[in-house]
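Report on the structure given below.
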Amino acid sequence: MEENHRRWFSSQALSLPVLALSLLLMLGSAACAADAAPRSAPSSLAQRPGHAAIASANFLATNAGLEVLARGGNAFDAAVAVAAALSVVEPESSGLGGGFMAVLHRAKDGRDVFIDARETAPAAVNSKDYLNPDGSPNRDTALKGPLSAGIPGEPAGLALIAQRYGKLPLRESLAPAIRIARDGFKPDARLRDAIAEEQKNLRRWPASAAKYLPADAPPVAGAIWRDPDQARTLELLAAHGDADFYRGATAKKLIAAVHAAGGNWSMADLASYRAKERAPIIVNYRGYRIITAPPPSSGGVAIAEILNILSGYDLGQLDQAHRVHYIVEAMRRAFRDHNDYLGDPDFVKMPLQMLLSPYYADGLRQSILPDKATPSSMLPAAEAAQPGMHTTHFSIIDADGNMASVTSTVNYTLGSTFVAAGTGVLLNDEMDDFALVPNQPNVYGLLGSVANAPAPGKRMLSSMTPSIVIGPTRTAVIGSPGGSTIITQVLEGILHFIDGQSAQQIVADKRYHHQYLPDVIFVEPDTFDAATTAELGRMGYRFRLGDPWGSNEAWGFMNVVTWNRSSNRLDAASDPRHPSGLGKVQ
Ligand code: GLY
């Protein structure tokens, strides 16, 4: 019987995607649940909340956004203010030397747009730089120092948002961040711990040590910490837009610092960087419209695929174990596809029509047995794709109903740990999100395919999944950091929102995660009760406490804003796992 099951799994799994593709070709795209429509026409369009809400990972950043709203800015100006403030107060997660992805909803015309400020590979990228002489992966060059850094996208992305969507000049939206960097602030425990954890690496580069270990030691609790170099770089951004960062004095300093430390960026790499607007992925699920991230994020495609599979089940009628079973099986199948197909849309042809199709989801659903886990080894092998805890997400709704869902990152804790001398800019280590060495897992345990191989000017695949959910009477702006777990966190948050949960409940919910390989359900302490754990165990599931990169702590730092359009109530909630966050309604 067991053997029969195994054969059935294997043949169904192999043939169904092919069957689904043929059906698609026969039927065209008329019935696609996910599309790239650029406008929401929710009943909310005629409505405005009349007040605003922001949730971010740091109270100083939330307050920076609220300050800019009070000066007459909209949600997009506030997004610029929050992102810039986070670059100062939460540099372990995001900053000018990194990149971001955002989903924006403009209230006046319902426009939904995805802002892609993801980093790119420099023209001189060379896979050999990420190998040791014996051909084994060199994790140091992939994660530390200038070779690990992609060309930053954050300054260009902030300038784009300000210019095309904001109401205020950068000078005003960047003012709070400049003030905090210049006058100083008290680093929270997360930042102090991050610096302590990375001090050995920070000491490898004089400008990094000077910035983060000013008295030759990590900052101590309660002491004021200033960032004058970054204040100056932000002032130049405020005065000249992104021209200085990519083509001016800051660009020259970045190149000189990178070269001096063995990196390979050129002035042309910086000058040719562009943030891009893309059509978001839109998926309709149980009367809710989910607006989410397209490639070069894998997140939206995975969320759409999972929701399309789940639309065939009445999750509300199931006991907890079976609900988790179907959700995990959908996660497993979506992560398998993510591994195989996805990369930078400007470089790679991706079968998005297939992956986003309900017919494809129907086929995948049929390969799920009602009471039994599908071993990942029974699904067709992933050819081998990629994409930290140290990323950050914030959510904003303004008084007019404009919304910004923004996830920003320097990748791993304190990125590359390399600060470019004279700029205060800490560079990312996003090159590790490429499949630098085929079939070798990155820092998040994710494998990579040829679709995500590095190439000059190419964007590395991301898991960032900033999303907006618009239902019949309620709206949510949602996202989280967490490497590969971003996708499953956002998925679970969306499902909980649709179940009627509040912003406070959504950020506090216990999390679980499956990413195809390793074939285990990652859980936080007490995610499931004993009966659910036992029932899932009987179905064949194995569990691992902690996240896929080996920490046994709770994961994620979700920041959510919700708007109940019936009662016109706004709520903002920051993940209770981290005390530094703040969700605030004003
Ligand atoms: N660097 C984490 C991500 O982009 O998914």
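How things are named: the first chain in the structure tokens is A, the next is B, and so on; residues count from 1 in each chain; ligands count from 1 in the order shown.
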
Problem set entry | Secondary structure check, alpha helix (DSSP H) residues of stretch 94-320 of chain A, as a PyMOL selection string | chain A and resi 139-143+154-165+170-173+175-183+189-197+199-202+206-212+228-240+243-247+249-260+267-271+299-310+320

Problem set entry | Residues within 7 Å of A:Met331, only C-alpha atoms, excluding chain neighbours under 4 positions, as a ChimeraX atom specification | /A:306,327,335,514-515

Same residues, N, CA, C and O atoms, output as a PDB file, in the first residue's frame:
ATOM      1  N   ILE A 306      -0.178  29.312  -3.663  1.00  0.00           N
ATOM      2  CA  ILE A 306      -0.701  28.682  -2.441  1.00  0.00           C
ATOM      3  C   ILE A 306      -2.192  28.992  -2.284  1.00  0.00           C
ATOM      4  O   ILE A 306      -3.007  28.097  -2.020  1.00  0.00           O
ATOM      5  N   ILE A 327      -2.397  23.542   4.142  1.00  0.00           N
ATOM      6  CA  ILE A 327      -1.587  24.759   3.950  1.00  0.00           C
ATOM      7  C   ILE A 327      -0.120  24.370   3.719  1.00  0.00           C
ATOM      8  O   ILE A 327       0.553  24.902   2.826  1.00  0.00           O
ATOM      9  N   PHE A 335       7.023  26.355  -2.990  1.00  0.00           N
ATOM     10  CA  PHE A 335       8.474  26.539  -2.824  1.00  0.00           C
ATOM     11  C   PHE A 335       9.252  25.692  -3.826  1.00  0.00           C
ATOM     12  O   PHE A 335      10.327  26.078  -4.278  1.00  0.00           O
ATOM     13  N   HIS A 514       7.038  25.775   5.835  1.00  0.00           N
ATOM     14  CA  HIS A 514       7.598  24.640   5.078  1.00  0.00           C
ATOM     15  C   HIS A 514       8.113  25.192   3.764  1.00  0.00           C
ATOM     16  O   HIS A 514       7.428  25.976   3.110  1.00  0.00           O
ATOM     17  N   GLN A 515       9.322  24.815   3.353  1.00  0.00           N
ATOM     18  CA  GLN A 515       9.911  25.372   2.133  1.00  0.00           C
ATOM     19  C   GLN A 515      10.392  24.295   1.162  1.00  0.00           C
ATOM     20  O   GLN A 515      11.355  24.498   0.447  1.00  0.00           O
TER      21      GLN A 515
END

Exercise. Could you name the residues that touch stretch 551-562 of chain A at 6 Å or less, counting only C-alpha atoms, but leaving out those on the same chain fewer than 6 positions away, as a ChimeraX atom specification?
Worked result: /A:55-56,394-395,475-482,503,507,524,545,570-575

Write a file of the selected residues as a PDB file, in the first residue's frame, keeping C-alpha atoms.
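What landed in part.pdb:
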ATOM      1  CA  ALA A  55       3.557  50.268  11.976  1.00  0.00           C
ATOM      2  CA  SER A  56       7.328  49.792  11.745  1.00  0.00           C
ATOM      3  CA  PHE A 394       6.598  48.759   7.533  1.00  0.00           C
ATOM      4  CA  SER A 395       2.969  49.441   6.686  1.00  0.00           C
ATOM      5  CA  THR A 475      -8.253  46.355   4.211  1.00  0.00           C
ATOM      6  CA  ALA A 476      -4.831  45.285   5.478  1.00  0.00           C
ATOM      7  CA  VAL A 477      -1.286  46.434   4.705  1.00  0.00           C
ATOM      8  CA  ILE A 478       1.031  43.610   5.677  1.00  0.00           C
ATOM      9  CA  GLY A 479       4.569  42.254   5.473  1.00  0.00           C
ATOM     10  CA  SER A 480       7.496  40.994   7.514  1.00  0.00           C
ATOM     11  CA  PRO A 481      11.220  40.252   7.375  1.00  0.00           C
ATOM     12  CA  GLY A 482      12.440  36.682   7.749  1.00  0.00           C
ATOM     13  CA  ALA A 503      -3.944  43.645  13.415  1.00  0.00           C
ATOM     14  CA  VAL A 507       1.235  39.999  14.333  1.00  0.00           C
ATOM     15  CA  GLU A 524       8.059  28.346  16.957  1.00  0.00           C
ATOM     16  CA  LEU A 545      11.953  23.994  16.319  1.00  0.00           C
ATOM     17  CA  LEU A 570      -7.678  52.034  11.764  1.00  0.00           C
ATOM     18  CA  ASP A 571      -5.402  49.720  13.751  1.00  0.00           C
ATOM     19  CA  ALA A 572      -1.632  49.467  13.656  1.00  0.00           C
ATOM     20  CA  ALA A 573       0.294  46.641  15.269  1.00  0.00           C
ATOM     21  CA  SER A 574       3.951  45.740  15.583  1.00  0.00           C
ATOM     22  CA  ASP A 575       5.145  42.210  16.295  1.00  0.00           C
TER      23      ASP A 575
END

Exercise. Skipping near chain neighbours, those fewer than 5 positions away, what residues fall within 12 Å of A:Ala334 using only C-alpha atoms, listed as a PyMOL selection string?
Worked result: chain A and resi 298-310+327-329+339-342+355-356+360-361+364-365+376+379+382+487-488+491+514-517

For this session: Set the cut-off to 8 Å, count only C-alpha atoms and all ligand atoms, and list whatever residues fall near ligand 1 as a list in words.
Result: Ser297, Pro387, Gly388, Met389, His390, Thr391, Thr409, Val410, Asn411, Tyr412, Asp429, Glu430, Asp433, Met460, Leu461, Ser462, Ser463, Met464, Pro481, Gly482, Gly483, Ser484 and Ile486 of chain A

Output file for the residues above (N, CA, C and O atoms, as a PDB file, in the first residue's frame):
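This is the output file again_29.pdb:
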ATOM      1  N   SER A 297      10.825  39.235  -6.924  1.00  0.00           N
ATOM      2  CA  SER A 297      10.511  38.540  -5.681  1.00  0.00           C
ATOM      3  C   SER A 297       9.837  37.233  -6.054  1.00  0.00           C
ATOM      4  O   SER A 297       9.083  37.165  -7.035  1.00  0.00           O
ATOM      5  N   PRO A 387      16.829  33.028  -2.182  1.00  0.00           N
ATOM      6  CA  PRO A 387      16.709  34.038  -1.217  1.00  0.00           C
ATOM      7  C   PRO A 387      16.585  33.575   0.210  1.00  0.00           C
ATOM      8  O   PRO A 387      16.720  32.435   0.484  1.00  0.00           O
ATOM      9  N   GLY A 388      16.133  37.667   5.243  1.00  0.00           N
ATOM     10  CA  GLY A 388      16.927  37.388   6.419  1.00  0.00           C
ATOM     11  C   GLY A 388      16.168  37.972   7.549  1.00  0.00           C
ATOM     12  O   GLY A 388      15.472  38.925   7.523  1.00  0.00           O
ATOM     13  N   MET A 389      16.415  37.197   8.197  1.00  0.00           N
ATOM     14  CA  MET A 389      15.927  37.757   9.438  1.00  0.00           C
ATOM     15  C   MET A 389      16.157  39.252   9.443  1.00  0.00           C
ATOM     16  O   MET A 389      15.360  40.025   9.928  1.00  0.00           O
ATOM     17  N   HIS A 390      17.307  39.656   8.878  1.00  0.00           N
ATOM     18  CA  HIS A 390      17.668  41.071   8.997  1.00  0.00           C
ATOM     19  C   HIS A 390      17.253  41.861   7.771  1.00  0.00           C
ATOM     20  O   HIS A 390      18.059  42.319   6.984  1.00  0.00           O
ATOM     21  N   THR A 391      16.010  41.998   7.723  1.00  0.00           N
ATOM     22  CA  THR A 391      15.264  42.769   6.731  1.00  0.00           C
ATOM     23  C   THR A 391      14.241  43.480   7.597  1.00  0.00           C
ATOM     24  O   THR A 391      14.121  43.201   8.779  1.00  0.00           O
ATOM     25  N   THR A 409      15.806  45.859   2.832  1.00  0.00           N
ATOM     26  CA  THR A 409      16.813  44.936   3.372  1.00  0.00           C
ATOM     27  C   THR A 409      18.242  45.292   2.992  1.00  0.00           C
ATOM     28  O   THR A 409      18.475  45.905   1.947  1.00  0.00           O
ATOM     29  N   VAL A 410      19.172  44.901   3.875  1.00  0.00           N
ATOM     30  CA  VAL A 410      20.583  44.809   3.496  1.00  0.00           C
ATOM     31  C   VAL A 410      20.993  43.338   3.505  1.00  0.00           C
ATOM     32  O   VAL A 410      22.159  43.007   3.464  1.00  0.00           O
ATOM     33  N   ASN A 411      20.020  42.446   3.570  1.00  0.00           N
ATOM     34  CA  ASN A 411      20.173  40.995   3.653  1.00  0.00           C
ATOM     35  C   ASN A 411      20.548  40.558   5.058  1.00  0.00           C
ATOM     36  O   ASN A 411      19.804  40.774   5.981  1.00  0.00           O
ATOM     37  N   TYR A 412      21.714  39.974   5.255  1.00  0.00           N
ATOM     38  CA  TYR A 412      22.021  39.381   6.553  1.00  0.00           C
ATOM     39  C   TYR A 412      22.309  40.479   7.591  1.00  0.00           C
ATOM     40  O   TYR A 412      22.402  41.656   7.239  1.00  0.00           O
ATOM     41  N   ASP A 429      24.714  42.608   1.646  1.00  0.00           N
ATOM     42  CA  ASP A 429      25.356  41.367   1.153  1.00  0.00           C
ATOM     43  C   ASP A 429      24.338  40.547   0.369  1.00  0.00           C
ATOM     44  O   ASP A 429      24.214  39.344   0.517  1.00  0.00           O
ATOM     45  N   GLU A 430      23.673  41.282  -0.532  1.00  0.00           N
ATOM     46  CA  GLU A 430      22.580  40.671  -1.302  1.00  0.00           C
ATOM     47  C   GLU A 430      23.078  39.723  -2.390  1.00  0.00           C
ATOM     48  O   GLU A 430      22.289  38.953  -2.931  1.00  0.00           O
ATOM     49  N   ASP A 433      21.916  36.262  -2.384  1.00  0.00           N
ATOM     50  CA  ASP A 433      20.567  35.867  -2.813  1.00  0.00           C
ATOM     51  C   ASP A 433      20.561  35.356  -4.249  1.00  0.00           C
ATOM     52  O   ASP A 433      19.543  34.842  -4.719  1.00  0.00           O
ATOM     53  N   MET A 460      18.935  39.980  -8.072  1.00  0.00           N
ATOM     54  CA  MET A 460      18.886  38.681  -7.399  1.00  0.00           C
ATOM     55  C   MET A 460      17.479  38.433  -6.871  1.00  0.00           C
ATOM     56  O   MET A 460      16.777  39.373  -6.493  1.00  0.00           O
ATOM     57  N   LEU A 461      17.072  37.159  -6.898  1.00  0.00           N
ATOM     58  CA  LEU A 461      15.725  36.815  -6.440  1.00  0.00           C
ATOM     59  C   LEU A 461      15.577  37.143  -4.953  1.00  0.00           C
ATOM     60  O   LEU A 461      16.526  36.982  -4.177  1.00  0.00           O
ATOM     61  N   SER A 462      14.382  37.586  -4.591  1.00  0.00           N
ATOM     62  CA  SER A 462      14.110  37.961  -3.205  1.00  0.00           C
ATOM     63  C   SER A 462      12.905  37.196  -2.694  1.00  0.00           C
ATOM     64  O   SER A 462      12.104  36.685  -3.477  1.00  0.00           O
ATOM     65  N   SER A 463      12.782  37.113  -1.386  1.00  0.00           N
ATOM     66  CA  SER A 463      11.555  36.580  -0.781  1.00  0.00           C
ATOM     67  C   SER A 463      10.650  37.699  -0.285  1.00  0.00           C
ATOM     68  O   SER A 463       9.587  37.425   0.282  1.00  0.00           O
ATOM     69  N   MET A 464      11.087  38.949  -0.450  1.00  0.00           N
ATOM     70  CA  MET A 464      10.307  40.053   0.140  1.00  0.00           C
ATOM     71  C   MET A 464       8.899  40.099  -0.458  1.00  0.00           C
ATOM     72  O   MET A 464       8.752  40.052  -1.674  1.00  0.00           O
ATOM     73  N   PRO A 481       9.926  40.825   7.762  1.00  0.00           N
ATOM     74  CA  PRO A 481      11.220  40.252   7.375  1.00  0.00           C
ATOM     75  C   PRO A 481      11.224  38.758   7.698  1.00  0.00           C
ATOM     76  O   PRO A 481      10.267  38.231   8.270  1.00  0.00           O
ATOM     77  N   GLY A 482      12.323  38.096   7.365  1.00  0.00           N
ATOM     78  CA  GLY A 482      12.440  36.682   7.749  1.00  0.00           C
ATOM     79  C   GLY A 482      12.902  35.775   6.633  1.00  0.00           C
ATOM     80  O   GLY A 482      12.529  34.598   6.622  1.00  0.00           O
ATOM     81  N   GLY A 483      13.703  36.279   5.659  1.00  0.00           N
ATOM     82  CA  GLY A 483      14.246  35.408   4.615  1.00  0.00           C
ATOM     83  C   GLY A 483      13.131  34.601   3.981  1.00  0.00           C
ATOM     84  O   GLY A 483      12.063  35.119   3.660  1.00  0.00           O
ATOM     85  N   SER A 484      13.382  33.312   3.843  1.00  0.00           N
ATOM     86  CA  SER A 484      12.392  32.458   3.180  1.00  0.00           C
ATOM     87  C   SER A 484      11.074  32.404   3.930  1.00  0.00           C
ATOM     88  O   SER A 484      10.025  32.144   3.328  1.00  0.00           O
ATOM     89  N   ILE A 486       9.445  34.821   5.065  1.00  0.00           N
ATOM     90  CA  ILE A 486       8.590  35.983   4.777  1.00  0.00           C
ATOM     91  C   ILE A 486       7.310  35.512   4.096  1.00  0.00           C
ATOM     92  O   ILE A 486       6.200  35.922   4.424  1.00  0.00           O
TER      93      ILE A 486
END

Could the residues of stretch 117-145 of chain A that have an atom at most 12 Å from stretch 98-101 of chain A be listed as a tab-separated table, each with its closest atom pair and the distance in Å to one decimal, counting only C-alpha atoms and ordered by chain and ascending residue number?
residue	atom	partner	partner_atom	distance
A:Ala117	CA	A:Phe100	CA	5.0
A:Arg118	CA	A:Gly99	CA	4.7
A:Glu119	CA	A:Gly99	CA	5.6
A:Thr120	CA	A:Gly99	CA	9.4

Problem set entry | atom CA of A:Ser87 to atom CA of A:Ala209, distance in Å rounded to a single decimal | 17.5 Å

For this session: Grab the atom CA of A:Tyr273 to atom CA of A:Ala239 distance for me, in Å with one decimal place.
Result: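 Between atom CA of A:Tyr273 and atom CA of A:Ala239 the gap works out to 19.4 Å.
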
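As for atom CA of A:His322 and atom CA of A:Leu495, they are spaced 15.0 Å apart.
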
Exercise. Can you list, as an MDAnalysis selection string, every protein, DNA or RNA residue that comes within 8 Å of stretch 212-214 of chain A when you count only C-alpha atoms, leaving out same-chain residues fewer than 6 positions away?
Worked result: chainID A and resid 195 199 202

Create the file for the chosen residues now, containing N, CA, C and O atoms and written as a PDB file, in the first residue's frame.
ATOM      1  N   ILE A 195      25.537  44.439  16.575  1.00  0.00           N
ATOM      2  CA  ILE A 195      26.916  44.948  16.488  1.00  0.00           C
ATOM      3  C   ILE A 195      27.857  44.029  17.269  1.00  0.00           C
ATOM      4  O   ILE A 195      28.948  43.674  16.790  1.00  0.00           O
ATOM      5  N   GLN A 199      31.012  42.024  15.584  1.00  0.00           N
ATOM      6  CA  GLN A 199      32.154  42.930  15.779  1.00  0.00           C
ATOM      7  C   GLN A 199      33.443  42.410  15.154  1.00  0.00           C
ATOM      8  O   GLN A 199      34.271  43.195  14.687  1.00  0.00           O
ATOM      9  N   LEU A 202      33.161  43.526  11.622  1.00  0.00           N
ATOM     10  CA  LEU A 202      33.229  44.987  11.533  1.00  0.00           C
ATOM     11  C   LEU A 202      34.662  45.475  11.681  1.00  0.00           C
ATOM     12  O   LEU A 202      35.083  46.443  11.040  1.00  0.00           O
TER      13      LEU A 202
END

So that I can see what lies close to A:Ala124, please list as a compact mmCIF listing (two decimals) with all heavy atoms, in the first residue's frame the residues with an atom at most 8 Å from it, counting only C-alpha atoms and leaving out residues fewer than 2 positions away in the same chain.
# COMPACT_ATOMS: atom_id res chain seq x y z
N PRO A 122 27.03 43.89 -10.17
CA PRO A 122 27.92 44.76 -10.95
C PRO A 122 28.33 44.06 -12.25
O PRO A 122 28.27 42.83 -12.36
CB PRO A 122 29.12 44.96 -10.03
CG PRO A 122 29.11 43.78 -9.10
CD PRO A 122 27.66 43.38 -8.95
N ASN A 126 31.69 37.88 -11.05
CA ASN A 126 32.42 36.69 -11.49
C ASN A 126 32.16 35.58 -10.48
O ASN A 126 32.56 35.69 -9.31
CB ASN A 126 33.92 37.03 -11.56
CG ASN A 126 34.73 35.87 -12.11
OD1 ASN A 126 34.26 34.73 -12.16
ND2 ASN A 126 35.96 36.16 -12.51
N ASN A 264 34.49 45.10 -6.90
CA ASN A 264 34.55 45.23 -8.35
C ASN A 264 33.47 46.14 -8.94
O ASN A 264 33.12 46.01 -10.09
CB ASN A 264 34.45 43.85 -9.00
CG ASN A 264 33.18 43.13 -8.57
OD1 ASN A 264 32.30 43.73 -7.96
ND2 ASN A 264 33.08 41.84 -8.89
N TRP A 265 32.94 47.08 -8.16
CA TRP A 265 31.95 48.01 -8.71
C TRP A 265 32.65 49.04 -9.62
O TRP A 265 33.83 49.34 -9.43
CB TRP A 265 31.26 48.80 -7.62
CG TRP A 265 30.38 48.07 -6.67
CD1 TRP A 265 30.18 46.72 -6.56
CD2 TRP A 265 29.56 48.68 -5.66
NE1 TRP A 265 29.29 46.46 -5.56
CE2 TRP A 265 28.89 47.64 -4.98
CE3 TRP A 265 29.32 49.99 -5.26
CZ2 TRP A 265 28.00 47.89 -3.93
CZ3 TRP A 265 28.45 50.23 -4.22
CH2 TRP A 265 27.78 49.19 -3.57
N PRO A 456 25.69 40.39 -15.14
CA PRO A 456 25.84 41.85 -15.01
C PRO A 456 24.49 42.57 -15.07
O PRO A 456 23.70 42.33 -15.97
CB PRO A 456 26.70 42.22 -16.22
CG PRO A 456 27.48 40.98 -16.52
CD PRO A 456 26.56 39.83 -16.17

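With distances restricted to only C-alpha atoms, A:Asp77 is the closest residue to A:Ala175 from A:Asp519, A:Asp77, A:Glu92, A:Asp129.
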